[in-house]
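Below is run-v3.json, which holds JSON, C-alpha atoms and all ligand atoms.
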```
[["chain", "number", "residue", "atom", "x", "y", "z"],
["A", 20, "MET", "CA", -40.57, -10.48, -56.76],
["A", 21, "ASP", "CA", -39.37, -7.47, -54.87],
["A", 22, "SER", "CA", -40.88, -4.61, -52.93],
["A", 23, "GLY", "CA", -40.26, -2.36, -55.91],
["A", 24, "THR", "CA", -37.55, -1.91, -58.50],
["A", 25, "GLY", "CA", -34.56, -3.46, -56.68],
["A", 26, "GLY", "CA", -35.24, -6.97, -57.95],
["A", 27, "LEU", "CA", -34.86, -5.65, -61.49],
["A", 28, "SER", "CA", -31.11, -5.75, -60.79],
["A", 29, "VAL", "CA", -31.53, -9.52, -60.37],
["A", 30, "LEU", "CA", -33.71, -9.80, -63.48],
["A", 31, "LYS", "CA", -30.95, -7.95, -65.32],
["A", 32, "GLU", "CA", -28.51, -10.64, -64.19],
["A", 33, "ILE", "CA", -30.91, -13.40, -65.32],
["A", 34, "LEU", "CA", -31.26, -11.77, -68.75],
["A", 35, "LYS", "CA", -27.52, -12.04, -69.35],
["A", 36, "TYR", "CA", -28.09, -15.76, -69.93],
["A", 37, "ASP", "CA", -29.65, -17.67, -72.74],
["A", 38, "ALA", "CA", -32.14, -20.15, -71.32],
["A", 39, "GLU", "CA", -35.51, -21.75, -71.86],
["A", 40, "LEU", "CA", -37.28, -19.64, -69.29],
["A", 41, "GLU", "CA", -40.21, -17.35, -68.73],
["A", 42, "VAL", "CA", -39.92, -14.76, -66.01],
["A", 43, "LEU", "CA", -42.68, -12.71, -64.48],
["A", 44, "TYR", "CA", -41.37, -9.87, -62.36],
["A", 45, "TYR", "CA", -43.67, -8.48, -59.72],
["A", 46, "GLY", "CA", -42.67, -5.24, -58.01],
["A", 47, "ASP", "CA", -44.91, -4.37, -55.09],
["A", 48, "LEU", "CA", -44.38, -0.63, -55.58],
["A", 49, "TYR", "CA", -47.69, 0.16, -53.94],
["A", 50, "ASN", "CA", -46.31, -1.12, -50.61],
["A", 51, "SER", "CA", -42.68, -0.22, -51.14],
["A", 52, "PRO", "CA", -40.37, 0.11, -49.31],
["A", 53, "TYR", "CA", -40.54, -3.03, -47.16],
["A", 54, "GLY", "CA", -37.33, -2.47, -45.24],
["A", 55, "GLU", "CA", -38.71, -0.12, -42.61],
["A", 56, "LYS", "CA", -41.89, -2.05, -41.89],
["A", 57, "ASP", "CA", -42.53, -4.59, -39.18],
["A", 58, "ALA", "CA", -41.22, -8.06, -40.16],
["A", 59, "SER", "CA", -44.74, -9.52, -39.74],
["A", 60, "VAL", "CA", -46.11, -6.95, -42.21],
["A", 61, "VAL", "CA", -43.32, -7.81, -44.68],
["A", 62, "LEU", "CA", -44.29, -11.49, -44.32],
["A", 63, "ASP", "CA", -47.94, -10.73, -45.13],
["A", 64, "LEU", "CA", -47.06, -8.54, -48.10],
["A", 65, "THR", "CA", -44.60, -11.10, -49.48],
["A", 66, "ARG", "CA", -47.14, -13.89, -49.03],
["A", 67, "ASN", "CA", -49.74, -11.89, -50.99],
["A", 68, "VAL", "CA", -47.32, -11.36, -53.86],
["A", 69, "CYS", "CA", -46.41, -15.07, -53.88],
["A", 70, "LEU", "CA", -50.11, -16.05, -53.96],
["A", 71, "ARG", "CA", -50.58, -13.75, -56.94],
["A", 72, "LEU", "CA", -47.57, -15.25, -58.71],
["A", 73, "VAL", "CA", -48.85, -18.80, -58.15],
["A", 74, "GLU", "CA", -52.24, -17.71, -59.48],
["A", 75, "LEU", "CA", -50.44, -16.49, -62.60],
["A", 76, "GLY", "CA", -48.79, -19.89, -63.03],
["A", 77, "ALA", "CA", -45.40, -19.49, -61.35],
["A", 78, "ARG", "CA", -43.56, -22.78, -60.84],
["A", 79, "ALA", "CA", -40.79, -21.30, -58.71],
["A", 80, "ILE", "CA", -40.42, -17.98, -56.94],
["A", 81, "LEU", "CA", -37.33, -15.94, -56.26],
["A", 82, "LEU", "CA", -37.66, -13.37, -53.50],
["A", 83, "ALA", "CA", -35.32, -10.90, -55.21],
["A", 84, "CYS", "CA", -35.27, -8.90, -52.03],
["A", 85, "ASN", "CA", -33.07, -9.42, -48.97],
["A", 86, "THR", "CA", -35.72, -7.90, -46.73],
["A", 87, "ALA", "CA", -38.51, -10.22, -47.90],
["A", 88, "THR", "CA", -36.15, -13.18, -47.66],
["A", 89, "SER", "CA", -35.18, -12.32, -44.08],
["A", 90, "ALA", "CA", -38.77, -11.82, -42.96],
["A", 91, "ALA", "CA", -40.65, -14.40, -45.01],
["A", 92, "ALA", "CA", -38.65, -17.10, -46.81],
["A", 93, "GLU", "CA", -38.63, -19.68, -44.02],
["A", 94, "THR", "CA", -42.37, -19.42, -43.35],
["A", 95, "LEU", "CA", -43.39, -19.32, -47.00],
["A", 96, "ARG", "CA", -41.30, -22.38, -47.83],
["A", 97, "LYS", "CA", -43.55, -24.30, -45.44],
["A", 98, "GLU", "CA", -46.73, -22.83, -46.88],
["A", 99, "PHE", "CA", -46.11, -23.12, -50.63],
["A", 100, "ALA", "CA", -45.73, -26.27, -52.68],
["A", 101, "ILE", "CA", -43.34, -24.70, -55.20],
["A", 102, "PRO", "CA", -39.67, -23.86, -54.54],
["A", 103, "ILE", "CA", -39.07, -20.45, -53.00],
["A", 104, "PHE", "CA", -35.59, -18.98, -53.41],
["A", 105, "GLY", "CA", -34.20, -15.94, -51.67],
["A", 106, "MET", "CA", -31.33, -13.49, -51.46],
["A", 107, "GLU", "CA", -28.62, -13.27, -48.86],
["A", 108, "PRO", "CA", -26.22, -10.35, -48.29],
["A", 109, "ALA", "CA", -22.90, -11.37, -49.90],
["A", 110, "ILE", "CA", -20.90, -11.21, -46.68],
["A", 111, "LYS", "CA", -19.39, -14.66, -47.27],
["A", 112, "PRO", "CA", -17.31, -13.69, -50.35],
["A", 113, "ALA", "CA", -16.46, -10.37, -48.67],
["A", 114, "VAL", "CA", -15.17, -12.12, -45.53],
["A", 115, "LEU", "CA", -13.28, -14.78, -47.50],
["A", 116, "LYS", "CA", -11.54, -12.13, -49.58],
["A", 117, "ASN", "CA", -10.80, -9.84, -46.63],
["A", 118, "PRO", "CA", -10.04, -12.07, -43.66],
["A", 119, "GLY", "CA", -9.79, -10.12, -40.43],
["A", 120, "ALA", "CA", -10.76, -6.80, -42.06],
["A", 121, "GLU", "CA", -13.77, -4.72, -41.12],
["A", 122, "ILE", "CA", -16.55, -5.10, -43.70],
["A", 123, "ALA", "CA", -19.47, -2.71, -44.12],
["A", 124, "LEU", "CA", -22.93, -4.14, -44.70],
["A", 125, "LEU", "CA", -25.44, -1.72, -46.16],
["A", 126, "ALA", "CA", -28.93, -3.14, -45.79],
["A", 127, "THR", "CA", -32.45, -2.26, -44.69],
["A", 128, "PRO", "CA", -33.32, -2.15, -40.97],
["A", 129, "VAL", "CA", -35.35, -5.39, -41.31],
["A", 130, "THR", "CA", -32.45, -7.28, -42.91],
["A", 131, "GLN", "CA", -30.03, -6.01, -40.26],
["A", 132, "LYS", "CA", -32.32, -7.02, -37.43],
["A", 133, "GLU", "CA", -33.64, -10.41, -38.51],
["A", 134, "GLU", "CA", -32.38, -13.74, -37.20],
["A", 135, "LYS", "CA", -31.25, -14.95, -40.65],
["A", 136, "LEU", "CA", -28.38, -12.46, -40.80],
["A", 137, "GLN", "CA", -27.31, -13.15, -37.21],
["A", 138, "ARG", "CA", -27.06, -16.86, -38.09],
["A", 139, "LEU", "CA", -25.00, -16.14, -41.20],
["A", 140, "LYS", "CA", -22.58, -13.90, -39.30],
["A", 141, "LYS", "CA", -22.18, -16.59, -36.66],
["A", 142, "GLU", "CA", -21.54, -19.31, -39.26],
["A", 143, "LEU", "CA", -18.80, -17.16, -40.78],
["A", 144, "ASN", "CA", -17.42, -16.20, -37.39],
["A", 145, "ALA", "CA", -17.84, -12.61, -38.54],
["A", 146, "GLU", "CA", -19.95, -11.11, -35.76],
["A", 147, "ASN", "CA", -17.24, -8.62, -34.87],
["A", 148, "SER", "CA", -15.93, -7.82, -38.33],
["A", 149, "ILE", "CA", -19.25, -6.82, -39.92],
["A", 150, "LEU", "CA", -20.12, -3.16, -39.54],
["A", 151, "PRO", "CA", -23.91, -2.97, -39.99],
["A", 152, "ILE", "CA", -25.15, 0.21, -41.66],
["A", 153, "SER", "CA", -28.94, 0.45, -41.80],
["A", 154, "CYS", "CA", -30.15, 2.62, -44.63],
["A", 155, "PRO", "CA", -33.82, 3.45, -44.04],
["A", 156, "GLY", "CA", -35.22, 5.42, -46.97],
["A", 157, "LEU", "CA", -32.45, 4.59, -49.43],
["A", 158, "ALA", "CA", -34.38, 1.92, -51.35],
["A", 159, "GLY", "CA", -37.30, 4.35, -51.60],
["A", 160, "LEU", "CA", -35.04, 6.88, -53.32],
["A", 161, "VAL", "CA", -34.16, 4.26, -55.94],
["A", 162, "ASP", "CA", -37.87, 3.51, -56.50],
["A", 163, "GLN", "CA", -38.45, 7.25, -56.96],
["A", 164, "GLY", "CA", -35.50, 7.50, -59.33],
["A", 165, "ASP", "CA", -33.98, 10.20, -57.14],
["A", 166, "PHE", "CA", -30.29, 9.41, -57.58],
["A", 167, "GLU", "CA", -29.26, 12.90, -56.52],
["A", 168, "LYS", "CA", -30.79, 12.41, -53.09],
["A", 169, "ALA", "CA", -29.35, 8.88, -52.97],
["A", 170, "GLU", "CA", -25.88, 10.35, -53.56],
["A", 171, "ALA", "CA", -26.38, 12.91, -50.77],
["A", 172, "TYR", "CA", -27.58, 10.06, -48.52],
["A", 173, "LEU", "CA", -24.52, 7.94, -49.24],
["A", 174, "PHE", "CA", -21.95, 10.74, -48.98],
["A", 175, "PRO", "CA", -21.53, 10.90, -45.16],
["A", 176, "ILE", "CA", -21.69, 7.09, -44.89],
["A", 177, "LEU", "CA", -18.87, 6.65, -47.36],
["A", 178, "GLU", "CA", -16.82, 9.46, -45.80],
["A", 179, "GLU", "CA", -17.01, 7.60, -42.50],
["A", 180, "LEU", "CA", -15.98, 4.33, -44.17],
["A", 181, "LYS", "CA", -13.00, 6.07, -45.78],
["A", 182, "ARG", "CA", -12.03, 7.47, -42.38],
["A", 183, "ARG", "CA", -12.15, 3.96, -40.90],
["A", 184, "ASN", "CA", -10.32, 2.57, -43.93],
["A", 185, "VAL", "CA", -13.16, 0.11, -44.61],
["A", 186, "LYS", "CA", -12.95, -0.80, -48.29],
["A", 187, "ALA", "CA", -15.10, -3.92, -48.55],
["A", 188, "ILE", "CA", -18.75, -2.93, -48.80],
["A", 189, "VAL", "CA", -21.59, -5.42, -49.13],
["A", 190, "LEU", "CA", -24.67, -4.09, -50.90],
["A", 191, "GLY", "CA", -27.22, -6.13, -48.94],
["A", 192, "CYS", "CA", -30.31, -4.84, -50.69],
["A", 193, "THR", "CA", -31.11, -5.42, -54.34],
["A", 194, "HIS", "CA", -32.08, -1.75, -54.76],
["A", 195, "TYR", "CA", -28.57, -0.64, -53.78],
["A", 196, "VAL", "CA", -27.05, -2.57, -56.69],
["A", 197, "PHE", "CA", -28.41, 0.24, -58.87],
["A", 198, "LEU", "CA", -26.33, 2.69, -56.82],
["A", 199, "LYS", "CA", -22.97, 1.00, -57.50],
["A", 200, "HIS", "CA", -21.84, 3.74, -59.85],
["A", 201, "ILE", "CA", -22.54, 6.40, -57.20],
["A", 202, "VAL", "CA", -20.70, 4.48, -54.46],
["A", 203, "LEU", "CA", -17.68, 4.05, -56.74],
["A", 204, "LYS", "CA", -17.77, 7.71, -57.78],
["A", 205, "LEU", "CA", -17.71, 8.79, -54.12],
["A", 206, "TYR", "CA", -15.29, 6.08, -53.02],
["A", 207, "PRO", "CA", -13.27, 4.74, -55.98],
["A", 208, "GLN", "CA", -11.17, 2.43, -53.75],
["A", 209, "ALA", "CA", -14.23, 0.61, -52.45],
["A", 210, "GLU", "CA", -14.59, -3.10, -53.21],
["A", 211, "LEU", "CA", -18.26, -3.89, -53.69],
["A", 212, "PHE", "CA", -20.01, -7.22, -53.13],
["A", 213, "ASP", "CA", -23.56, -8.20, -53.97],
["A", 214, "GLY", "CA", -25.40, -11.50, -54.13],
["A", 215, "ASN", "CA", -27.00, -11.20, -57.56],
["A", 216, "ALA", "CA", -24.69, -13.29, -59.74],
["A", 217, "GLY", "CA", -24.36, -16.06, -57.13],
["A", 218, "THR", "CA", -28.10, -16.21, -56.53],
["A", 219, "VAL", "CA", -28.88, -16.50, -60.23],
["A", 220, "ARG", "CA", -26.33, -19.29, -60.70],
["A", 221, "HIS", "CA", -27.80, -21.11, -57.68],
["A", 222, "LEU", "CA", -31.32, -20.65, -59.05],
["A", 223, "PHE", "CA", -30.47, -22.12, -62.46],
["A", 224, "ARG", "CA", -28.58, -25.03, -60.88],
["A", 225, "SER", "CA", -31.35, -25.88, -58.42],
["A", 226, "LEU", "CA", -34.07, -25.76, -61.06],
["A", 227, "SER", "CA", -31.88, -27.65, -63.55],
["A", 228, "VAL", "CA", -32.42, -24.88, -66.07],
["A", 229, "LYS", "CA", -30.15, -25.44, -69.03],
["A", 230, "VAL", "CA", -28.32, -22.18, -69.64],
["A", 231, "LEU", "CA", -25.53, -20.91, -71.78],
["A", 232, "PRO", "CA", -23.07, -18.69, -69.92],
["A", 233, "PRO", "CA", -23.43, -14.92, -70.27],
["A", 234, "ASP", "CA", -20.45, -14.60, -72.63],
["A", 235, "SER", "CA", -21.54, -17.37, -74.99],
["A", 236, "ASP", "CA", -22.47, -16.24, -78.49],
["A", 237, "GLN", "CA", -24.51, -19.28, -79.51],
["A", 238, "GLY", "CA", -28.05, -20.11, -78.57],
["A", 239, "PHE", "CA", -29.43, -23.60, -78.00],
["A", 240, "ASP", "CA", -30.54, -25.24, -81.25],
["A", 241, "GLY", "CA", -29.69, -22.12, -83.19],
["A", 242, "ARG", "CA", -32.01, -19.95, -81.14],
["A", 243, "LYS", "CA", -30.95, -16.35, -80.67],
["A", 244, "LYS", "CA", -29.24, -15.17, -77.51],
["A", 245, "ASN", "CA", -31.29, -13.66, -74.71],
["A", 246, "SER", "CA", -34.35, -15.69, -75.57],
["A", 247, "ILE", "CA", -35.62, -15.53, -71.99],
["A", 248, "HIS", "CA", -39.11, -14.08, -72.07],
["A", 249, "TYR", "CA", -40.04, -11.69, -69.35],
["A", 250, "GLN", "CA", -42.92, -9.57, -68.24],
["A", 251, "ILE", "CA", -42.98, -6.86, -65.60],
["A", 252, "GLU", "CA", -45.90, -6.13, -63.33],
["A", 253, "LEU", "CA", -45.71, -3.10, -61.04],
["A", 254, "ASN", "CA", -48.80, -2.39, -58.99],
["A", 255, "THR", "CA", -48.82, 1.35, -59.56],
["A", 256, "ASP", "CA", -50.55, 3.76, -61.95],
["A", 257, "ASP", "CA", -47.68, 6.19, -61.73],
["A", 258, "GLU", "CA", -46.42, 6.35, -65.31],
["A", 259, "ASP", "CA", -43.16, 8.03, -64.28],
["A", 260, "ARG", "CA", -42.32, 5.17, -61.93],
["A", 261, "ILE", "CA", -43.10, 2.59, -64.60],
["A", 262, "ARG", "CA", -40.94, 4.42, -67.15],
["A", 263, "PHE", "CA", -38.13, 4.69, -64.65],
["A", 264, "ALA", "CA", -38.30, 0.95, -63.88],
["A", 265, "GLU", "CA", -37.95, 0.21, -67.59],
["A", 266, "ARG", "CA", -34.95, 2.51, -67.72],
["A", 267, "LEU", "CA", -33.33, 0.72, -64.80],
["A", 268, "LEU", "CA", -33.72, -2.58, -66.58],
["A", 269, "ASN", "CA", -32.64, -1.45, -70.02],
["A", 270, "ASP", "CA", -29.94, 1.10, -69.34],
["A", 271, "ARG", "CA", -26.67, -0.74, -69.85],
["A", 272, "GLU", "CA", -24.33, 2.15, -69.24],
["A", 273, "GLY", "CA", -25.65, 4.09, -66.27],
["A", 274, "PHE", "CA", -26.29, 1.37, -63.76],
["B", 1, "LIG", "N1", -34.91, -4.64, -52.34],
["B", 1, "LIG", "C1", -35.11, -4.96, -50.99],
["B", 1, "LIG", "C2", -33.92, -5.69, -50.40],
["B", 1, "LIG", "O1", -33.19, -6.33, -51.11],
["B", 1, "LIG", "C3", -35.65, -4.01, -49.99],
["B", 1, "LIG", "C4", -36.03, -2.65, -50.28],
["B", 1, "LIG", "C5", -37.14, -2.18, -49.39],
["B", 1, "LIG", "O2", -38.28, -2.40, -49.79],
["B", 1, "LIG", "O3", -36.90, -1.60, -48.33],
["B", 1, "LIG", "O4", -33.74, -5.65, -49.20]]
```
So that I can check it, write out the structure of this file as structure tokens.
Amino acid sequence: MDSGTGGLSVLKEILKYDAELEVLYYGDLYNSPYGEKDASVVLDLTRNVCLRLVELGARAILLACNTATSAAAETLRKEFAIPIFGMEPAIKPAVLKNPGAEIALLATPVTQKEEKLQRLKKELNAENSILPISCPGLAGLVDQGDFEKAEAYLFPILEELKRRNVKAIVLGCTHYVFLKHIVLKLYPQAELFDGNAGTVRHLFRSLSVKVLPPDSDQGFDGRKKNSIHYQIELNTDDEDRIRFAERLLNDREGF
């Protein structure tokens, strides 16, 4: 689940694999974006989506949203009987690869503020090297498919990072993963980090899902590659938004 279309970047990662798996994606577009709401509201919204997913037969849930994870994962893990996975901004690989350097973290205001991130920074001893950049409104632009406005939004941020010579940038929101090409166009020297690939590997390992790696050309028992079945539910009637979400998922070149 995600507040909107961002989690489709995680679904895209899942679909690179060949596995015995059924995925139901729920994008809460009606309530999107989550990142500028009160954490208690995000908890309620995330809980409602999880209840719906359980009703539909889910046996594990991935909060494919850093904001929902920050505000809700701990509580919902106590409330639900099935495993609940979450996302975490990929600051660990960024810090390990760039020891001592300043690292930019682009994330929603909720993710930046919540306790979960403060704990992670502390664990990594990175409280002073992480430059938090809250991006209210940016995820909403992705949901609206307004990449032009997203580029204008990112421009001054990236100019400032260039000025400070900050090259390592963590995309701490699953929506922003769809903006990678814009970030690299504006700042070709940037080194981007996101948690999608690591989260998906962790998910498969924890659930003991038998998978073939993304570059394998053989399916299990002769089955075809990419046999993961998926369904997308977006709680909106807006046909343009639904079409755009499909484009995000299927476009291999652009995003
Ligand atoms: N995709 C979500 C995340 O990873 C948040 C976007 C939002 O709803 O503000 O943080």
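Considering all atoms listed in the file, the residues that reside within 7 Å of ligand LIG 1 (chain B) can be listed as Asp21, Ser22, Gly23, Gly25, Gly26, Ser51, Pro52, Tyr53, Gly54, Glu55, Ala83, Cys84, Asn85, Thr86, Ala87, Ala126, Thr127, Thr130, Ala158, Gly159, Gly191, Cys192, Thr193 and His194 of chain A.
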Shell around Thr255 (chain A) at 9 Å using only C-alpha atoms, local window under 2 positions removed, as a PyMOL selection string: chain A and resi 47-49+252-253+257-258+260-261
Saved selection, atoms kept: C-alpha atoms, as an mmCIF file, in the frame of the given file:
```
data_model
loop_
_atom_site.group_PDB
_atom_site.id
_atom_site.type_symbol
_atom_site.label_atom_id
_atom_site.label_comp_id
_atom_site.auth_asym_id
_atom_site.auth_seq_id
_atom_site.Cartn_x
_atom_site.Cartn_y
_atom_site.Cartn_z
ATOM 1 C CA ASP A 47 -44.910 -4.370 -55.090
ATOM 2 C CA LEU A 48 -44.380 -0.630 -55.580
ATOM 3 C CA TYR A 49 -47.690 0.160 -53.940
ATOM 4 C CA GLU A 252 -45.900 -6.130 -63.330
ATOM 5 C CA LEU A 253 -45.710 -3.100 -61.040
ATOM 6 C CA ASP A 257 -47.680 6.190 -61.730
ATOM 7 C CA GLU A 258 -46.420 6.350 -65.310
ATOM 8 C CA ARG A 260 -42.320 5.170 -61.930
ATOM 9 C CA ILE A 261 -43.100 2.590 -64.600
#
```
May I have the residues at most 12 Å from (-32.0, 9.0, -58.8) in the file's coordinates, counting all atoms listed in the file, as a ChimeraX atom specification? /A:157-172,194-195,197-198,200-201,260,263-264,266-267,273-274
Using all atoms listed in the file, determine which residues lie at most 10 Å from region 179-183 of chain A, disregarding the query and same-chain residues fewer than 6 positions distant; provide the list as a PyMOL selection string. chain A and resi 121-123+150+205-206+208-209
Between A:Ala187, A:Val230, A:Leu136, A:Leu72, single out the one closest to Ala38 (chain A), counting only C-alpha atoms.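 Checking each of A:Ala187, A:Val230, A:Leu136, A:Leu72 against Ala38 (chain A), counting only C-alpha atoms, the winner is A:Val230.
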In terms of the shortest atom-to-atom distance over only C-alpha atoms, which of A:Arg262, A:Arg78, A:Lys135, A:Arg66 is closest to Leu43 (chain A)?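 Smallest separation from Leu43 (chain A) among the options: A:Arg78.
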Could you check the closest approach to Pro102 (chain A) for each of A:Val61, A:Val196, A:Leu211, A:Leu222 and tell me which residue wins, using all atoms listed in the file?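 Checking each candidate against Pro102 (chain A), we get A:Leu222 as the closest.
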Interatomic distance, CA of Val189 (chain A) to CA of Leu115 (chain A) (Å, one decimal):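 Taking CA of Val189 (chain A) and CA of Leu115 (chain A), their separation equals 12.6 Å.
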Min atom-atom distance to Ser153 (chain A) from the set A:Val29, A:Leu124, A:Leu139, A:Leu177, counting only C-alpha atoms, belongs to A:Leu124
For CA of Asp213 (chain A) and CA of Tyr45 (chain A), the interatomic separation in Å (one decimal): 20.9 Å
